[in-house]
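Colleague: Take this structure first; my questions come after.
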Amino acid sequence: MFEKSTSESVRSEQTTPERTAPARTAVSIRHLSKSFDGVEVLRDVDLEVREGDVVTILGSSGSGKSTLLRCINWLERPDSGSIHIGGQRIGVNDAGRPMPVRELARVRARTGMVFQSFNLWPHLNVLHNVTEAPIHVLGKSKAEAETHARELLEKVGMSAKADAYPSTLSGGQKQRVAIARALAMQPEVMLFDEPTSALDPELVGEVLAVIRDLSAEGYTMIVVTHEMAFSRAVSDKVVFLDKGLIIEQADPETFFTNPSTERVRKFLEREES
């Protein structure tokens, strides 16, 4: 489904002109740690994501992948360390004091989050799910928000379902609407938390195809996933988390053909078997 040569050629055609100068840093994470009930889930994590890059995060269940994603947009507050989005620190100021709620909301809006379980509002139809936040958070007019929402629904192949309610949609359709809803906030960085894990196997491809198309358009994305072929095809960088530590990060060709750690080699062998 995901051929690396095709994906690379598409991304190269669209991003090479913009890469004549070094890409700016979209997300910078330094010395990030997080514990729950005394159990350390993330340990001294450092990660940098450049504008326009796709970073996929791999690892076994419980390795801290989803927690890392939730810390990036401050859905979980780290115990220590710093996170900068587009050069602005999130959650606290440089003196370590908590951000006022409104300022935190503004910084958080620079990221778009797509969850495992869709999180659509069941009482709103598809169009209203996509327009609600732009109207009430970004202050867009209803007409402007609806025009943009219809464009995004067309992008994810859901324009025909604009008047449908979430209960009538398949899992793959719900997730594509969730992607459109996140894009409607015009985020600088898209965060995907295992976007296909709640889907039946036959529906996985339609969601991954949408994310693949976004990568070709140059969106900055951090994707927690267990889809190895997808990770290899679309990533600029693959990150492997193990017990809260980043133990390996590399370009996809190096990561999948010549990993530097025995832990990653065993993980890939198990996934391929």
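Identifiers in this document derive from the order of the structure tokens: chains are assigned A, B, ..., residues are numbered from 1 separately in each chain, and ligands are numbered from 1 in order of occurrence.
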Hey, what does DSSP flag as strand (DSSP E) within segment 107-185 of chain A? Can you give it to me as a VMD selection string?
Modeller: chain A and resid 111 to 114
Colleague: Any chance you could export the current selection's all heavy atoms as an mmCIF file, in the first residue's frame?
Modeller:
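What landed in result_38.cif:
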data_model
loop_
_atom_site.group_PDB
_atom_site.id
_atom_site.type_symbol
_atom_site.label_atom_id
_atom_site.label_comp_id
_atom_site.auth_asym_id
_atom_site.auth_seq_id
_atom_site.Cartn_x
_atom_site.Cartn_y
_atom_site.Cartn_z
ATOM 1 N N THR A 111 -1.271 23.438 17.836
ATOM 2 C CA THR A 111 -1.241 22.007 17.534
ATOM 3 C C THR A 111 -2.652 21.507 17.276
ATOM 4 O O THR A 111 -3.614 21.992 17.873
ATOM 5 C CB THR A 111 -0.632 21.195 18.688
ATOM 6 O OG1 THR A 111 -1.505 21.264 19.832
ATOM 7 C CG2 THR A 111 0.745 21.714 19.062
ATOM 8 N N GLY A 112 -2.775 20.539 16.385
ATOM 9 C CA GLY A 112 -4.045 19.864 16.155
ATOM 10 C C GLY A 112 -3.911 18.422 16.583
ATOM 11 O O GLY A 112 -2.939 17.748 16.210
ATOM 12 N N MET A 113 -4.854 17.927 17.380
ATOM 13 C CA MET A 113 -4.750 16.584 17.957
ATOM 14 C C MET A 113 -5.823 15.679 17.374
ATOM 15 O O MET A 113 -7.011 16.027 17.359
ATOM 16 C CB MET A 113 -4.906 16.659 19.479
ATOM 17 C CG MET A 113 -4.724 15.335 20.188
ATOM 18 S SD MET A 113 -2.986 14.930 20.424
ATOM 19 C CE MET A 113 -3.100 13.631 21.653
ATOM 20 N N VAL A 114 -5.402 14.504 16.904
ATOM 21 C CA VAL A 114 -6.329 13.479 16.435
ATOM 22 C C VAL A 114 -6.158 12.281 17.354
ATOM 23 O O VAL A 114 -5.069 11.707 17.455
ATOM 24 C CB VAL A 114 -6.045 13.090 14.972
ATOM 25 C CG1 VAL A 114 -6.994 11.983 14.524
ATOM 26 C CG2 VAL A 114 -6.179 14.304 14.062
#
Colleague: Which residues, written as a PDB file with C-alpha atoms, in the first residue's frame, have at least one atom at most 12 Å from Leu169 of chain A, with only C-alpha atoms counted and residues fewer than 6 positions away on the same chain left out?
Modeller:
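Written out: part_19.pdb:
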ATOM      1  CA  PHE A 118     -12.275  10.143  17.368  1.00  0.00           C
ATOM      2  CA  LEU A 120     -16.497  13.759  17.805  1.00  0.00           C
ATOM      3  CA  PRO A 122     -22.366  13.078  18.886  1.00  0.00           C
ATOM      4  CA  ASN A 125     -23.488  16.740  12.432  1.00  0.00           C
ATOM      5  CA  VAL A 126     -20.211  16.419  10.542  1.00  0.00           C
ATOM      6  CA  MET A 158     -16.076  13.243   3.483  1.00  0.00           C
ATOM      7  CA  ALA A 160     -20.901  13.840   0.950  1.00  0.00           C
ATOM      8  CA  LYS A 161     -21.371  13.261   4.705  1.00  0.00           C
ATOM      9  CA  ALA A 162     -21.486  16.917   5.790  1.00  0.00           C
ATOM     10  CA  ASP A 163     -25.049  16.582   7.137  1.00  0.00           C
ATOM     11  CA  GLN A 175     -11.469   9.456  11.969  1.00  0.00           C
ATOM     12  CA  ARG A 176     -11.365  11.337   8.670  1.00  0.00           C
ATOM     13  CA  VAL A 177     -13.852  13.852  10.081  1.00  0.00           C
ATOM     14  CA  ALA A 178     -11.659  14.139  13.188  1.00  0.00           C
ATOM     15  CA  LEU A 203     -10.724   0.666   7.367  1.00  0.00           C
TER      16      LEU A 203
END
Colleague: As a list in words, please: the residues near Arg110 of chain A (cut-off 9 Å, only C-alpha atoms, same-chain neighbours under 6 positions excluded).
Modeller: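 Near Arg110 of chain A, the qualifying residues are Asn73, Ile85, Gly86, Met185, Gln186, Pro187, Glu188, Val189 and Met190 of chain A.
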Colleague: Would you put the residues from that selection into a file with N, CA and C atoms, as a short mmCIF file (atom, residue, chain, number, x, y, z; two decimals), in the first residue's frame?
Modeller:
data_model
loop_
_atom_site.label_atom_id
_atom_site.label_comp_id
_atom_site.auth_asym_id
_atom_site.auth_seq_id
_atom_site.Cartn_x
_atom_site.Cartn_y
_atom_site.Cartn_z
N ASN A 73 1.04 18.99 23.78
CA ASN A 73 0.02 20.05 23.77
C ASN A 73 -0.58 20.29 25.16
N ILE A 85 6.84 25.20 20.96
CA ILE A 85 6.13 25.01 19.70
C ILE A 85 6.30 26.28 18.89
N GLY A 86 6.95 26.16 17.74
CA GLY A 86 7.21 27.35 16.94
C GLY A 86 8.01 28.39 17.68
N MET A 185 -8.55 24.20 12.58
CA MET A 185 -7.95 25.18 13.49
C MET A 185 -6.63 25.73 12.94
N GLN A 186 -6.29 25.31 11.75
CA GLN A 186 -5.08 25.79 11.06
C GLN A 186 -3.84 25.66 11.95
N PRO A 187 -3.60 24.45 12.46
CA PRO A 187 -2.47 24.27 13.38
C PRO A 187 -1.13 24.28 12.65
N GLU A 188 -0.09 24.58 13.41
CA GLU A 188 1.26 24.50 12.86
C GLU A 188 1.78 23.07 12.88
N VAL A 189 1.29 22.27 13.82
CA VAL A 189 1.75 20.89 13.98
C VAL A 189 0.53 20.00 14.20
N MET A 190 0.49 18.88 13.47
CA MET A 190 -0.57 17.90 13.67
C MET A 190 -0.04 16.74 14.50
#
Colleague: Here is a test: counting only C-alpha atoms, which residue of A:Glu194, A:Glu271, A:Glu154, A:Glu217 is nearest to Ser66 of chain A?
Modeller: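 Of A:Glu194, A:Glu271, A:Glu154, A:Glu217, the one nearest Ser66 of chain A, counting only C-alpha atoms, is A:Glu194.
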Colleague: Using only C-alpha atoms, find the one residue out of A:Ala209, A:Ala105, A:Ile57, A:Asp242 that sits nearest to Phe255 of chain A.
Modeller: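 Checking each of A:Ala209, A:Ala105, A:Ile57, A:Asp242 against Phe255 of chain A, counting only C-alpha atoms, the winner is A:Ile57.
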Colleague: Neighbouring residues of Val238 of chain A were defined as those with any atom within 9 Å, considering only C-alpha atoms; residues of the same chain fewer than 6 positions away were excluded. Please report them as a compact mmCIF listing (two decimals) with all heavy atoms, in the first residue's frame.
Modeller:
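To be explicit, this is the file written out as result.txt:
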# COMPACT_ATOMS: atom_id res chain seq x y z
N VAL A 54 7.68 14.81 8.91
CA VAL A 54 6.79 13.81 9.51
C VAL A 54 7.65 12.93 10.41
O VAL A 54 8.60 12.30 9.93
CB VAL A 54 6.09 12.95 8.45
CG1 VAL A 54 5.20 11.90 9.13
CG2 VAL A 54 5.26 13.82 7.51
N VAL A 55 7.34 12.93 11.70
CA VAL A 55 8.05 12.10 12.66
C VAL A 55 7.08 11.04 13.16
O VAL A 55 6.00 11.37 13.65
CB VAL A 55 8.58 12.94 13.84
CG1 VAL A 55 9.18 12.04 14.92
CG2 VAL A 55 9.62 13.94 13.35
N THR A 56 7.44 9.78 13.00
CA THR A 56 6.62 8.71 13.55
C THR A 56 7.28 8.16 14.80
O THR A 56 8.51 8.04 14.88
CB THR A 56 6.39 7.57 12.53
OG1 THR A 56 7.65 7.09 12.06
CG2 THR A 56 5.56 8.06 11.36
N ILE A 57 6.44 7.85 15.79
CA ILE A 57 6.92 7.35 17.07
C ILE A 57 6.46 5.92 17.24
O ILE A 57 5.25 5.63 17.20
CB ILE A 57 6.42 8.23 18.23
CG1 ILE A 57 6.89 9.68 18.03
CG2 ILE A 57 6.92 7.69 19.57
CD1 ILE A 57 6.39 10.63 19.09
N LEU A 58 7.41 5.01 17.40
CA LEU A 58 7.13 3.60 17.55
C LEU A 58 7.53 3.13 18.94
O LEU A 58 8.31 3.80 19.63
CB LEU A 58 7.90 2.79 16.50
CG LEU A 58 7.77 3.20 15.04
CD1 LEU A 58 8.62 2.28 14.15
CD2 LEU A 58 6.33 3.20 14.58
N SER A 231 4.96 3.96 8.47
CA SER A 231 6.05 4.71 9.07
C SER A 231 7.24 4.78 8.12
O SER A 231 7.85 5.84 7.92
CB SER A 231 6.48 4.04 10.39
OG SER A 231 7.63 4.65 10.92
N ARG A 232 7.56 3.69 7.50
CA ARG A 232 8.71 3.65 6.60
C ARG A 232 8.47 4.51 5.36
O ARG A 232 9.40 5.15 4.85
CB ARG A 232 9.00 2.21 6.19
CG ARG A 232 10.28 2.05 5.38
CD ARG A 232 10.68 0.61 5.27
NE ARG A 232 11.99 0.47 4.64
CZ ARG A 232 12.68 -0.66 4.59
NH1 ARG A 232 12.21 -1.75 5.18
NH2 ARG A 232 13.86 -0.71 3.99
N GLU A 248 16.39 5.17 20.19
CA GLU A 248 16.89 5.27 18.82
C GLU A 248 16.03 6.24 18.04
O GLU A 248 14.81 6.27 18.19
CB GLU A 248 16.89 3.90 18.15
CG GLU A 248 17.65 3.86 16.85
CD GLU A 248 18.08 2.45 16.47
OE1 GLU A 248 18.03 1.53 17.31
OE2 GLU A 248 18.48 2.28 15.30
N GLN A 249 16.67 7.06 17.19
CA GLN A 249 15.95 7.89 16.23
C GLN A 249 16.83 8.04 15.01
O GLN A 249 18.04 8.29 15.11
CB GLN A 249 15.55 9.23 16.82
CG GLN A 249 16.63 10.05 17.48
CD GLN A 249 16.08 11.33 18.08
OE1 GLN A 249 15.38 12.10 17.41
NE2 GLN A 249 16.36 11.58 19.35
N ALA A 250 16.21 7.85 13.84
CA ALA A 250 16.98 7.84 12.60
C ALA A 250 16.04 8.06 11.43
O ALA A 250 14.81 8.02 11.57
CB ALA A 250 17.72 6.51 12.45
N ASP A 251 16.62 8.27 10.25
CA ASP A 251 15.81 8.30 9.05
C ASP A 251 15.24 6.90 8.83
O ASP A 251 15.79 5.90 9.33
CB ASP A 251 16.65 8.73 7.84
CG ASP A 251 17.73 7.72 7.52
OD1 ASP A 251 17.48 6.79 6.74
OD2 ASP A 251 18.84 7.84 8.10
N PRO A 252 14.11 6.77 8.11
CA PRO A 252 13.44 5.47 8.02
C PRO A 252 14.29 4.37 7.38
O PRO A 252 14.22 3.22 7.80
CB PRO A 252 12.19 5.76 7.20
CG PRO A 252 12.41 7.08 6.56
CD PRO A 252 13.32 7.83 7.46
N PHE A 255 16.68 3.24 10.07
CA PHE A 255 15.97 2.63 11.18
C PHE A 255 15.51 1.22 10.83
O PHE A 255 15.68 0.29 11.63
CB PHE A 255 14.77 3.48 11.58
CG PHE A 255 14.02 2.98 12.77
CD1 PHE A 255 14.35 3.38 14.05
CD2 PHE A 255 12.97 2.08 12.62
CE1 PHE A 255 13.67 2.89 15.16
CE2 PHE A 255 12.27 1.59 13.71
CZ PHE A 255 12.63 1.99 14.98
Colleague: With distances taken over only C-alpha atoms, which of A:Arg43, A:Arg50, A:Arg265, A:Arg212 is nearest to His31 of chain A?
Modeller: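 The shortest atom-to-atom distance to His31 of chain A comes from A:Arg43.
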Colleague: Just the residues within 6 Å of Ser63 of chain A, please, counting only C-alpha atoms, with nothing from its chain fewer than 5 positions along; format it as a list in words.
Modeller: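 Near Ser63 of chain A, the qualifying residues are Leu241, Asp242, Lys243 and Gly244 of chain A.
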Colleague: Which value, in Å to one decimal, gives the distance between atom CA of Ser141 of chain A and atom CA of Val210 of chain A?
Modeller: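 Computing it gives 27.1 Å between the two atoms.
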Colleague: From the DSSP assignment of the backbone, select every residue of segment 43-117 of chain A that is alpha helix (DSSP H), and format the answer as a PyMOL selection string.
Modeller: chain A and resi 65-72+101-108
Colleague: Could you list, as a list of chain:residue names, every residue within 6 Å of Gly52 of chain A, counting only C-alpha atoms and ignoring same-chain residues fewer than 2 positions away?
Modeller: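 Using only C-alpha atoms, the neighbours found are A:Gly218, A:Tyr219, A:Thr220.
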Colleague: Considering only C-alpha atoms, can you say which of A:Arg77, A:Asn129, A:Phe267, A:Asp200 comes closest to Pro98 of chain A?
Modeller: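 Of all the options, A:Arg77 lies closest to Pro98 of chain A.
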